[in-house]
Every structure is written in structure tokens, then in C-alpha cells.
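Student: File follows, final.csv with CSV, C-alpha atoms and all ligand atoms:
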chain,number,residue,atom,x,y,z
D,1,MET,CA,-13.3,-10.6,-18.2
D,2,ARG,CA,-10.5,-8.3,-19.1
D,3,ARG,CA,-8.0,-8.1,-16.3
D,4,VAL,CA,-6.2,-4.8,-15.8
D,5,PRO,CA,-2.4,-5.0,-16.4
D,6,THR,CA,-0.9,-3.8,-13.1
D,7,ALA,CA,2.6,-3.2,-11.8
D,8,VAL,CA,3.7,-3.4,-8.2
D,9,LEU,CA,6.5,-1.0,-7.1
D,10,ILE,CA,8.7,-2.2,-4.3
D,11,SER,CA,11.9,-1.2,-2.5
D,12,GLY,CA,12.4,-4.1,-0.1
D,13,ARG,CA,10.9,-7.2,1.5
D,14,GLY,CA,7.8,-7.3,-0.7
D,15,SER,CA,5.4,-9.1,1.6
D,16,ASN,CA,2.5,-6.9,0.4
D,17,MET,CA,3.6,-7.6,-3.2
D,18,ALA,CA,3.5,-11.3,-2.4
D,19,ALA,CA,-0.1,-10.9,-1.1
D,20,LEU,CA,-1.1,-9.1,-4.3
D,21,LEU,CA,0.6,-11.8,-6.4
D,22,ALA,CA,-1.2,-14.5,-4.5
D,23,ALA,CA,-4.6,-12.8,-5.0
D,24,ALA,CA,-3.9,-12.2,-8.7
D,25,ALA,CA,-3.0,-15.9,-9.2
D,26,ASP,CA,-6.8,-16.4,-9.3
D,27,PRO,CA,-7.8,-15.8,-12.9
D,28,ALA,CA,-11.1,-14.2,-11.6
D,29,TYR,CA,-9.1,-11.4,-9.8
D,30,PRO,CA,-9.6,-8.2,-11.8
D,31,ALA,CA,-5.9,-7.1,-11.8
D,32,GLU,CA,-3.2,-9.1,-13.5
D,33,ILE,CA,0.3,-8.4,-12.2
D,34,VAL,CA,2.4,-8.0,-15.3
D,35,LEU,CA,5.5,-6.4,-13.7
D,36,VAL,CA,7.2,-6.0,-10.3
D,37,LEU,CA,9.5,-3.0,-10.4
D,38,SER,CA,12.1,-2.1,-7.7
D,39,ASN,CA,14.3,0.9,-7.3
D,40,ARG,CA,16.8,-1.3,-5.4
D,41,ALA,CA,18.6,-4.3,-7.0
D,42,ASP,CA,18.8,-5.9,-3.5
D,43,ALA,CA,15.0,-5.8,-2.8
D,44,ALA,CA,14.1,-9.3,-1.5
D,45,GLY,CA,10.7,-9.1,-3.2
D,46,LEU,CA,12.3,-9.4,-6.7
D,47,ALA,CA,13.3,-13.0,-6.2
D,48,HIS,CA,9.9,-13.9,-4.9
D,49,ALA,CA,8.2,-12.4,-8.0
D,50,ALA,CA,10.7,-14.0,-10.4
D,51,ALA,CA,10.1,-17.4,-8.7
D,52,ARG,CA,6.4,-17.0,-9.5
D,53,GLY,CA,7.2,-16.2,-13.2
D,54,VAL,CA,6.3,-12.5,-12.9
D,55,PRO,CA,8.5,-10.2,-14.9
D,56,THR,CA,10.7,-7.9,-12.9
D,57,ALA,CA,12.6,-4.7,-13.6
D,58,ILE,CA,15.1,-2.6,-11.6
D,59,VAL,CA,15.2,1.1,-12.0
D,60,GLU,CA,17.8,2.4,-9.6
D,61,SER,CA,17.1,5.8,-8.2
D,62,ARG,CA,20.7,6.5,-7.1
D,63,PRO,CA,22.2,7.2,-10.6
D,64,PHE,CA,19.6,9.9,-11.1
D,65,GLY,CA,20.6,11.8,-8.0
D,66,ARG,CA,18.2,14.7,-7.5
D,67,ASP,CA,16.7,14.3,-11.0
D,68,ARG,CA,13.4,12.8,-9.8
D,69,GLU,CA,11.7,13.5,-13.2
D,70,GLY,CA,14.5,11.5,-15.0
D,71,PHE,CA,14.1,8.6,-12.6
D,72,GLU,CA,10.3,8.6,-13.2
D,73,ARG,CA,10.7,8.8,-16.9
D,74,ALA,CA,12.8,5.7,-16.7
D,75,ILE,CA,10.1,4.0,-14.6
D,76,ASP,CA,7.4,5.2,-17.1
D,77,ALA,CA,9.4,3.6,-19.9
D,78,GLU,CA,9.4,0.2,-18.1
D,79,LEU,CA,5.7,0.6,-17.4
D,80,ALA,CA,4.9,1.4,-21.0
D,81,ARG,CA,7.0,-1.6,-22.2
D,82,HIS,CA,4.8,-3.9,-20.1
D,83,GLY,CA,1.5,-2.2,-21.0
D,84,VAL,CA,0.8,-1.2,-17.4
D,85,GLU,CA,-2.4,0.6,-16.7
D,86,LEU,CA,-2.6,0.4,-12.9
D,87,LEU,CA,0.1,0.9,-10.3
D,88,ALA,CA,0.3,-0.4,-6.7
D,89,LEU,CA,3.0,1.0,-4.4
D,90,ALA,CA,4.0,-1.7,-1.9
D,91,GLY,CA,6.8,-0.4,0.3
D,92,PHE,CA,8.2,1.8,-2.5
D,93,MET,CA,10.4,4.2,-0.6
D,94,ARG,CA,10.6,7.1,-3.0
D,95,VAL,CA,8.4,10.1,-3.0
D,96,LEU,CA,6.8,10.6,-6.4
D,97,THR,CA,6.6,14.0,-8.1
D,98,GLU,CA,3.4,15.9,-8.7
D,99,GLY,CA,3.8,15.2,-12.4
D,100,PHE,CA,4.0,11.5,-11.9
D,101,CYS,CA,1.0,11.5,-9.5
D,102,THR,CA,-1.0,13.5,-12.0
D,103,ARG,CA,-0.1,11.2,-14.9
D,104,TRP,CA,-1.3,8.2,-12.9
D,105,ARG,CA,-4.1,10.0,-11.1
D,106,ASP,CA,-6.8,7.5,-9.8
D,107,ARG,CA,-4.7,4.6,-11.2
D,108,LEU,CA,-2.0,4.7,-8.5
D,109,VAL,CA,-2.6,3.2,-5.0
D,110,ASN,CA,-0.5,2.9,-1.9
D,111,ILE,CA,-0.6,1.1,1.4
D,112,HIS,CA,0.4,2.9,4.5
D,113,PRO,CA,0.9,1.4,7.9
D,114,SER,CA,-1.4,3.7,9.9
D,115,LEU,CA,-5.0,4.8,10.1
D,116,LEU,CA,-4.6,7.9,7.9
D,117,PRO,CA,-4.7,10.8,8.3
D,118,ALA,CA,-2.9,9.9,11.6
D,119,PHE,CA,0.8,9.2,11.4
D,120,ARG,CA,1.7,10.1,7.8
D,121,GLY,CA,5.4,9.5,7.0
D,122,LEU,CA,7.8,7.0,8.5
D,123,ASP,CA,8.1,5.1,11.8
D,124,THR,CA,4.3,4.9,12.2
D,125,HIS,CA,4.3,2.0,14.7
D,126,ALA,CA,6.8,3.7,17.1
D,127,ARG,CA,4.9,6.9,16.8
D,128,ALA,CA,1.6,5.2,17.5
D,129,LEU,CA,3.1,3.6,20.6
D,130,ALA,CA,4.5,7.0,21.7
D,131,ALA,CA,1.2,8.7,21.2
D,132,GLY,CA,-0.6,6.1,23.3
D,133,VAL,CA,-3.3,5.4,20.7
D,134,ARG,CA,-5.5,2.4,21.5
D,135,LEU,CA,-6.3,1.6,17.8
D,136,HIS,CA,-3.8,1.5,15.0
D,137,GLY,CA,-3.9,-0.1,11.6
D,138,CYS,CA,-3.3,0.4,7.9
D,139,THR,CA,-4.8,2.3,5.0
D,140,VAL,CA,-5.0,1.7,1.2
D,141,HIS,CA,-5.5,5.0,-0.6
D,142,LEU,CA,-5.2,6.6,-4.0
D,143,VAL,CA,-2.0,8.6,-4.3
D,144,ARG,CA,-2.1,12.4,-4.5
D,145,PRO,CA,1.0,14.6,-4.6
D,146,GLY,CA,1.1,15.2,-0.8
D,147,VAL,CA,2.9,12.4,1.1
D,148,ASP,CA,0.4,9.8,2.3
D,149,GLU,CA,-2.5,11.8,1.0
D,150,GLY,CA,-5.4,10.9,-1.2
D,151,PRO,CA,-8.9,9.3,-1.1
D,152,ILE,CA,-9.1,6.3,1.2
D,153,LEU,CA,-10.2,3.0,-0.3
D,154,ALA,CA,-10.0,0.8,2.7
D,155,GLN,CA,-8.8,0.7,6.3
D,156,ALA,CA,-8.2,-2.1,8.8
D,157,ALA,CA,-7.9,-1.4,12.6
D,158,VAL,CA,-6.0,-3.4,15.2
D,159,PRO,CA,-5.8,-3.0,18.9
D,160,VAL,CA,-2.7,-1.6,20.5
D,161,LEU,CA,-1.9,-3.7,23.6
D,162,ALA,CA,-0.1,-2.5,26.7
D,163,GLU,CA,2.7,-4.9,26.2
D,164,ASP,CA,3.3,-4.1,22.6
D,165,THR,CA,6.7,-3.4,21.1
D,166,GLU,CA,7.2,-1.8,17.8
D,167,ALA,CA,7.8,-5.2,16.3
D,168,SER,CA,4.7,-6.9,17.8
D,169,LEU,CA,2.5,-4.0,16.7
D,170,ALA,CA,4.0,-4.0,13.2
D,171,ALA,CA,3.4,-7.7,12.8
D,172,ARG,CA,-0.3,-7.3,13.9
D,173,VAL,CA,-0.8,-4.5,11.3
D,174,LEU,CA,1.1,-6.3,8.6
D,175,GLU,CA,-1.3,-9.3,8.9
D,176,GLN,CA,-4.1,-6.9,8.1
D,177,GLU,CA,-2.2,-5.2,5.3
D,178,HIS,CA,-2.1,-8.6,3.5
D,179,ARG,CA,-5.9,-8.9,3.7
D,180,LEU,CA,-6.7,-5.3,2.9
D,181,TYR,CA,-4.5,-4.6,-0.1
D,182,PRO,CA,-5.7,-7.4,-2.4
D,183,ALA,CA,-9.3,-6.4,-1.6
D,184,ALA,CA,-8.8,-2.7,-2.3
D,185,LEU,CA,-6.8,-3.2,-5.5
D,186,GLY,CA,-9.4,-5.6,-6.7
D,187,TRP,CA,-12.1,-3.0,-6.2
D,188,LEU,CA,-10.1,-0.4,-8.2
D,189,ALA,CA,-9.3,-2.8,-11.0
D,190,GLY,CA,-12.8,-4.1,-11.1
D,191,GLY,CA,-14.2,-0.6,-11.6
D,192,LEU,CA,-16.0,-0.5,-8.3
D,193,VAL,CA,-14.4,2.8,-7.1
D,194,ARG,CA,-16.0,6.1,-7.8
D,195,ILE,CA,-14.2,9.3,-6.8
D,196,GLU,CA,-16.2,12.2,-5.4
D,197,GLY,CA,-13.8,15.0,-4.6
D,198,ASP,CA,-11.6,13.7,-1.8
D,199,ILE,CA,-13.8,10.7,-1.1
D,200,ALA,CA,-13.7,7.3,-2.7
D,201,ARG,CA,-17.1,5.5,-2.9
D,202,ILE,CA,-16.9,1.7,-3.2
D,203,ALA,CA,-19.7,-0.3,-4.9
D,204,ALA,CA,-18.7,-3.6,-3.3
D,205,PRO,CA,-20.6,-5.5,-0.6
D,206,GLY,CA,-19.2,-4.8,2.8
D,207,ALA,CA,-16.7,-2.2,1.5
D,208,ALA,CA,-18.2,0.6,3.5
D,209,GLY,CA,-17.0,-0.8,6.8
D,210,ALA,CA,-13.4,-1.0,7.9
D,211,LEU,CA,-11.9,-4.3,8.7
D,212,ALA,CA,-11.3,-4.7,12.5
D,213,ASN,CA,-9.6,-7.3,14.5
D,214,PRO,CA,-11.6,-8.6,17.4
D,215,LEU,CA,-10.2,-7.3,20.6
D,216,PRO,CA,-8.6,-10.0,22.7
D,217,GLY,CA,-9.4,-10.4,26.4
D,218,PRO,CA,-12.3,-9.1,28.4
D,219,ALA,CA,-14.8,-6.5,27.2
D,220,PRO,CA,-12.6,-3.5,26.4
D,221,LEU,CA,-14.6,-1.0,28.4
D,222,SER,CA,-15.1,-3.2,31.5
D,223,THR,CA,-14.8,-1.3,34.7
D,224,THR,CA,-13.6,-4.4,36.6
D,225,PRO,CA,-10.0,-3.8,37.8
D,226,ALA,CA,-7.5,-6.1,36.2
D,227,GLU,CA,-6.2,-8.9,38.4
D,228,ARG,CA,-2.8,-8.1,39.8
X,301,LIG,C1,4.5,-2.0,4.7
X,301,LIG,O1,4.3,-1.8,6.1
X,301,LIG,C2,3.7,-1.0,4.0
X,301,LIG,O2,2.5,-0.6,4.6
X,301,LIG,C3,4.7,0.2,3.9
X,301,LIG,O3,5.9,-0.4,3.8
X,301,LIG,C4,5.9,-1.7,4.3
X,301,LIG,C5,6.3,-2.6,3.2
X,301,LIG,O4,6.4,-4.0,3.6
X,301,LIG,N1,4.3,1.1,2.9
X,301,LIG,P1,6.5,-5.1,2.5
X,301,LIG,O5,7.8,-4.8,1.7
X,301,LIG,O6,5.3,-5.1,1.7
X,301,LIG,O7,6.8,-6.4,3.3
Take the structure in the file and give it back as C-alpha cells.
Tutor:
Amino acid sequence: MRRVPTAVLISGRGSNMAALLAAAADPAYPAEIVLVLSNRADAAGLAHAAARGVPTAIVESRPFGRDREGFERAIDAELARHGVELLALAGFMRVLTEGFCTRWRDRLVNIHPSLLPAFRGLDTHARALAAGVRLHGCTVHLVRPGVDEGPILAQAAVPVLAEDTEASLAARVLEQEHRLYPAALGWLAGGLVRIEGDIARIAAPGAAGALANPLPGPAPLSTTPAER
């Protein structure tokens, strides 16, 4: 089986990157991570990747100022050097230009910590709490030029609990991110994704359903008053 040479783009912690590296450590996984690229030299994920023998590169965005195309040309040069064919954004905190998104169309995926199309952008967990939603989660999607837009490959839902803080909700979602991203990237690399307009169809068993955490506690729609 030919594995698709894939780069993971990060800006920080890199826990999703680590989940992808762990999945790709299996030679049967259809994507091979050939490069971890960061726009920040202090991204913690870089050391984790290097410790696992994965090549790393740093392309700082700061020297390019507002020249986003120049920054992306420098990224593209690194990707070409490593023969990259598929790109996974994992906490990469730069908005990509339309040109870049078009060049990598249907070969560029992102993970976003909300159930899109709800809560595009930043601070998703705080905004979910402020909105009082009962379900929250994460989405893996193909990237289109609009921020956090593009065909959805997979979603995982988690309950929002009355006592949740931003941190506790983020941790619950993150656990699901680490399950979801390797699965979705594997479908894409394995040729199981067919794009029909704005919809991604997945030809993998079980892929049609979202992942959902079991709800803790009593039946969620019980009419019995809670004990005081
Ligand atoms: C994750 O919550 C991801 O959904 C978002 O940025 C965060 C990155 O975390 N895009 P990590 O660097 O993967 O730990």
C-alpha cells in the first residue's frame, strides 16, 4: 500500500499532532507523516515530533508581516522539499489565503473545537458555555477559503454539564479530537472521501454517524426532579 506523504501544521501544544503521529506509527495507516511544520519556533509540539524521528521545520510568520503570500510560498517550499501531498492543520493559528486553499483544495484538512457551523473562530468553549448549548464537540473538515468553512468529514459530540468550566469542557472535547482526527485523516488519505458540492461522502463503515460520548448520569430527558 502506498502511504500518502502528509504534513501536520502546528503553532503550539501539538496534542492533535501527537494523536496523528501515533496513528501513523502503524504501517497500515494510509497517511505517513513526513513533516511537522510550525510557524512558531517555541511550539511545544516540535520537540515531541523530533523525539519521534519526524522531520520538523519552522517557517516564522512574523518576518513576513502582512505578506501572507510570501509566508505561504515559504511554507510551500518546505512542503515541496518533503514531497508532501496532504496537509493537516492541527492548531495552526494563521488564516490561509484563498490562493493557498485553492492550491491544496481537497488535500487540506483542519480540526475545529466546535460542532460546525456553530462557533466558528476562537474561544469556542467559552462561547458554547455562554450560549447554554447542551451539546458541544469538534469537527474535522476540508478547508475552504472562509474561516472554519468546508465540507465536514467527521464530528464528535460531548455533553455540556451544568458545572462545566471552559477548561473542563475543553478537556472533554479534546479527548474526542484525538479520536476523531486520526480517523478522518485516514479516510481522506485512504481515498474513502468523495466530495459532492459542499458535502463529503465517506465510504467507510460507521463513518456516516457522528461519534458521541455517552451522557453521564440519569436519562437526560427524565422528568424526575433532581435531588436537592
Ligand atoms: C485544538 O483544540 C484544535 O481543535 C484547535 O486548536 C487546538 C490545538 O490543540 N484547532 P493542540 O495543539 O492540538 O493540542
Student: What's around D:Asp42 at 12 Å? Count all atoms listed in the file, leave out sequence neighbours fewer than 3 positions away in its own chain, and write the answer as a PyMOL selection string.
Tutor: chain D and resi 10-14+37-39+45-47+57-60
Student: Limited to C-alpha atoms, could you put the picked residues into a file as an mmCIF file, in the coordinates of the input?
Tutor:
data_model
loop_
_atom_site.group_PDB
_atom_site.id
_atom_site.type_symbol
_atom_site.label_atom_id
_atom_site.label_comp_id
_atom_site.auth_asym_id
_atom_site.auth_seq_id
_atom_site.Cartn_x
_atom_site.Cartn_y
_atom_site.Cartn_z
ATOM 1 C CA ILE D 10 8.700 -2.200 -4.300
ATOM 2 C CA SER D 11 11.900 -1.200 -2.500
ATOM 3 C CA GLY D 12 12.400 -4.100 -0.100
ATOM 4 C CA ARG D 13 10.900 -7.200 1.500
ATOM 5 C CA GLY D 14 7.800 -7.300 -0.700
ATOM 6 C CA LEU D 37 9.500 -3.000 -10.400
ATOM 7 C CA SER D 38 12.100 -2.100 -7.700
ATOM 8 C CA ASN D 39 14.300 0.900 -7.300
ATOM 9 C CA GLY D 45 10.700 -9.100 -3.200
ATOM 10 C CA LEU D 46 12.300 -9.400 -6.700
ATOM 11 C CA ALA D 47 13.300 -13.000 -6.200
ATOM 12 C CA ALA D 57 12.600 -4.700 -13.600
ATOM 13 C CA ILE D 58 15.100 -2.600 -11.600
ATOM 14 C CA VAL D 59 15.200 1.100 -12.000
ATOM 15 C CA GLU D 60 17.800 2.400 -9.600
#
Student: If we count only C-alpha atoms and set the cut-off at 6 Å, which residues sit around stretch 190-202 of chain D, ignoring sequence neighbours fewer than 4 positions away in its own chain? Please answer as a PyMOL selection string.
Tutor: chain D and resi 30+151+186
Student: What does the distance between atom O4 of ligand LIG 301 (chain X) and atom CA of D:Leu108 come to in Å, to one decimal place?
Tutor: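 These two atoms are separated by 17.1 Å.
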Student: For the contact check between chain D and ligand LIG 301 (chain X), emit one row per residue of chain D within 9 Å, containing the shortest atom pair and the distance in Å rounded to one decimal, counting only C-alpha atoms and all ligand atoms, chain then rising number order, as a Markdown table.
Tutor:
| residue | atom | partner | partner_atom | distance |
| --- | --- | --- | --- | --- |
| D:Ile10 | CA | X:LIG301 | O5 | 6.6 |
| D:Ser11 | CA | X:LIG301 | O5 | 6.9 |
| D:Gly12 | CA | X:LIG301 | O5 | 5.0 |
| D:Arg13 | CA | X:LIG301 | O5 | 3.9 |
| D:Gly14 | CA | X:LIG301 | O5 | 3.5 |
| D:Ser15 | CA | X:LIG301 | O7 | 3.5 |
| D:Asn16 | CA | X:LIG301 | O6 | 3.6 |
| D:Met17 | CA | X:LIG301 | O6 | 5.8 |
| D:Ala18 | CA | X:LIG301 | O6 | 7.6 |
| D:Ala19 | CA | X:LIG301 | O6 | 8.4 |
| D:Ala43 | CA | X:LIG301 | O5 | 8.5 |
| D:Ala44 | CA | X:LIG301 | O5 | 8.4 |
| D:Gly45 | CA | X:LIG301 | O5 | 7.1 |
| D:Leu89 | CA | X:LIG301 | N1 | 7.4 |
| D:Ala90 | CA | X:LIG301 | O6 | 5.1 |
| D:Gly91 | CA | X:LIG301 | O3 | 3.6 |
| D:Phe92 | CA | X:LIG301 | N1 | 6.7 |
| D:Met93 | CA | X:LIG301 | N1 | 7.7 |
| D:Asn110 | CA | X:LIG301 | N1 | 7.0 |
| D:Ile111 | CA | X:LIG301 | O2 | 4.8 |
| D:His112 | CA | X:LIG301 | O2 | 4.1 |
| D:Pro113 | CA | X:LIG301 | O2 | 4.2 |
| D:Ser114 | CA | X:LIG301 | O2 | 7.9 |
| D:Leu122 | CA | X:LIG301 | C3 | 8.8 |
| D:Cys138 | CA | X:LIG301 | O2 | 6.7 |
| D:Thr139 | CA | X:LIG301 | O2 | 7.9 |
| D:Val140 | CA | X:LIG301 | O2 | 8.5 |
| D:Ala170 | CA | X:LIG301 | O1 | 7.4 |
| D:Ala171 | CA | X:LIG301 | O1 | 9.0 |
| D:Val173 | CA | X:LIG301 | O1 | 7.8 |
| D:Leu174 | CA | X:LIG301 | O1 | 6.1 |
| D:Glu177 | CA | X:LIG301 | O2 | 6.6 |
| D:His178 | CA | X:LIG301 | O6 | 8.4 |
Student: If we count all atoms listed in the file and set the cut-off at 12 Å, which residues sit around D:Glu166, ignoring sequence neighbours fewer than 4 positions away in its own chain? Please answer as a ChimeraX atom specification.
Tutor: /D:123-130,136,160-162,170-174
Student: Pick out the closest residue to D:Ala183 from this set: D:Leu142, D:Pro5, D:Arg94, D:Ala154. Count only C-alpha atoms.
Tutor: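 Comparing D:Leu142, D:Pro5, D:Arg94, D:Ala154 against D:Ala183, the winner is D:Ala154.
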Student: May I ask which of the residues D:Leu115, D:Leu87, D:Val95, D:Ala41 is the closest one to D:Arg66, counting all atoms listed in the file?
Tutor: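 That would be D:Val95, the residue with the smallest distance to D:Arg66.
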Student: From the list D:Gly83, D:Gly132, D:Gly65, D:Gly137, which residue is nearest D:Val4 when using all atoms listed in the file?
Tutor: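 Nearest candidate to D:Val4 out of D:Gly83, D:Gly132, D:Gly65, D:Gly137: D:Gly83.
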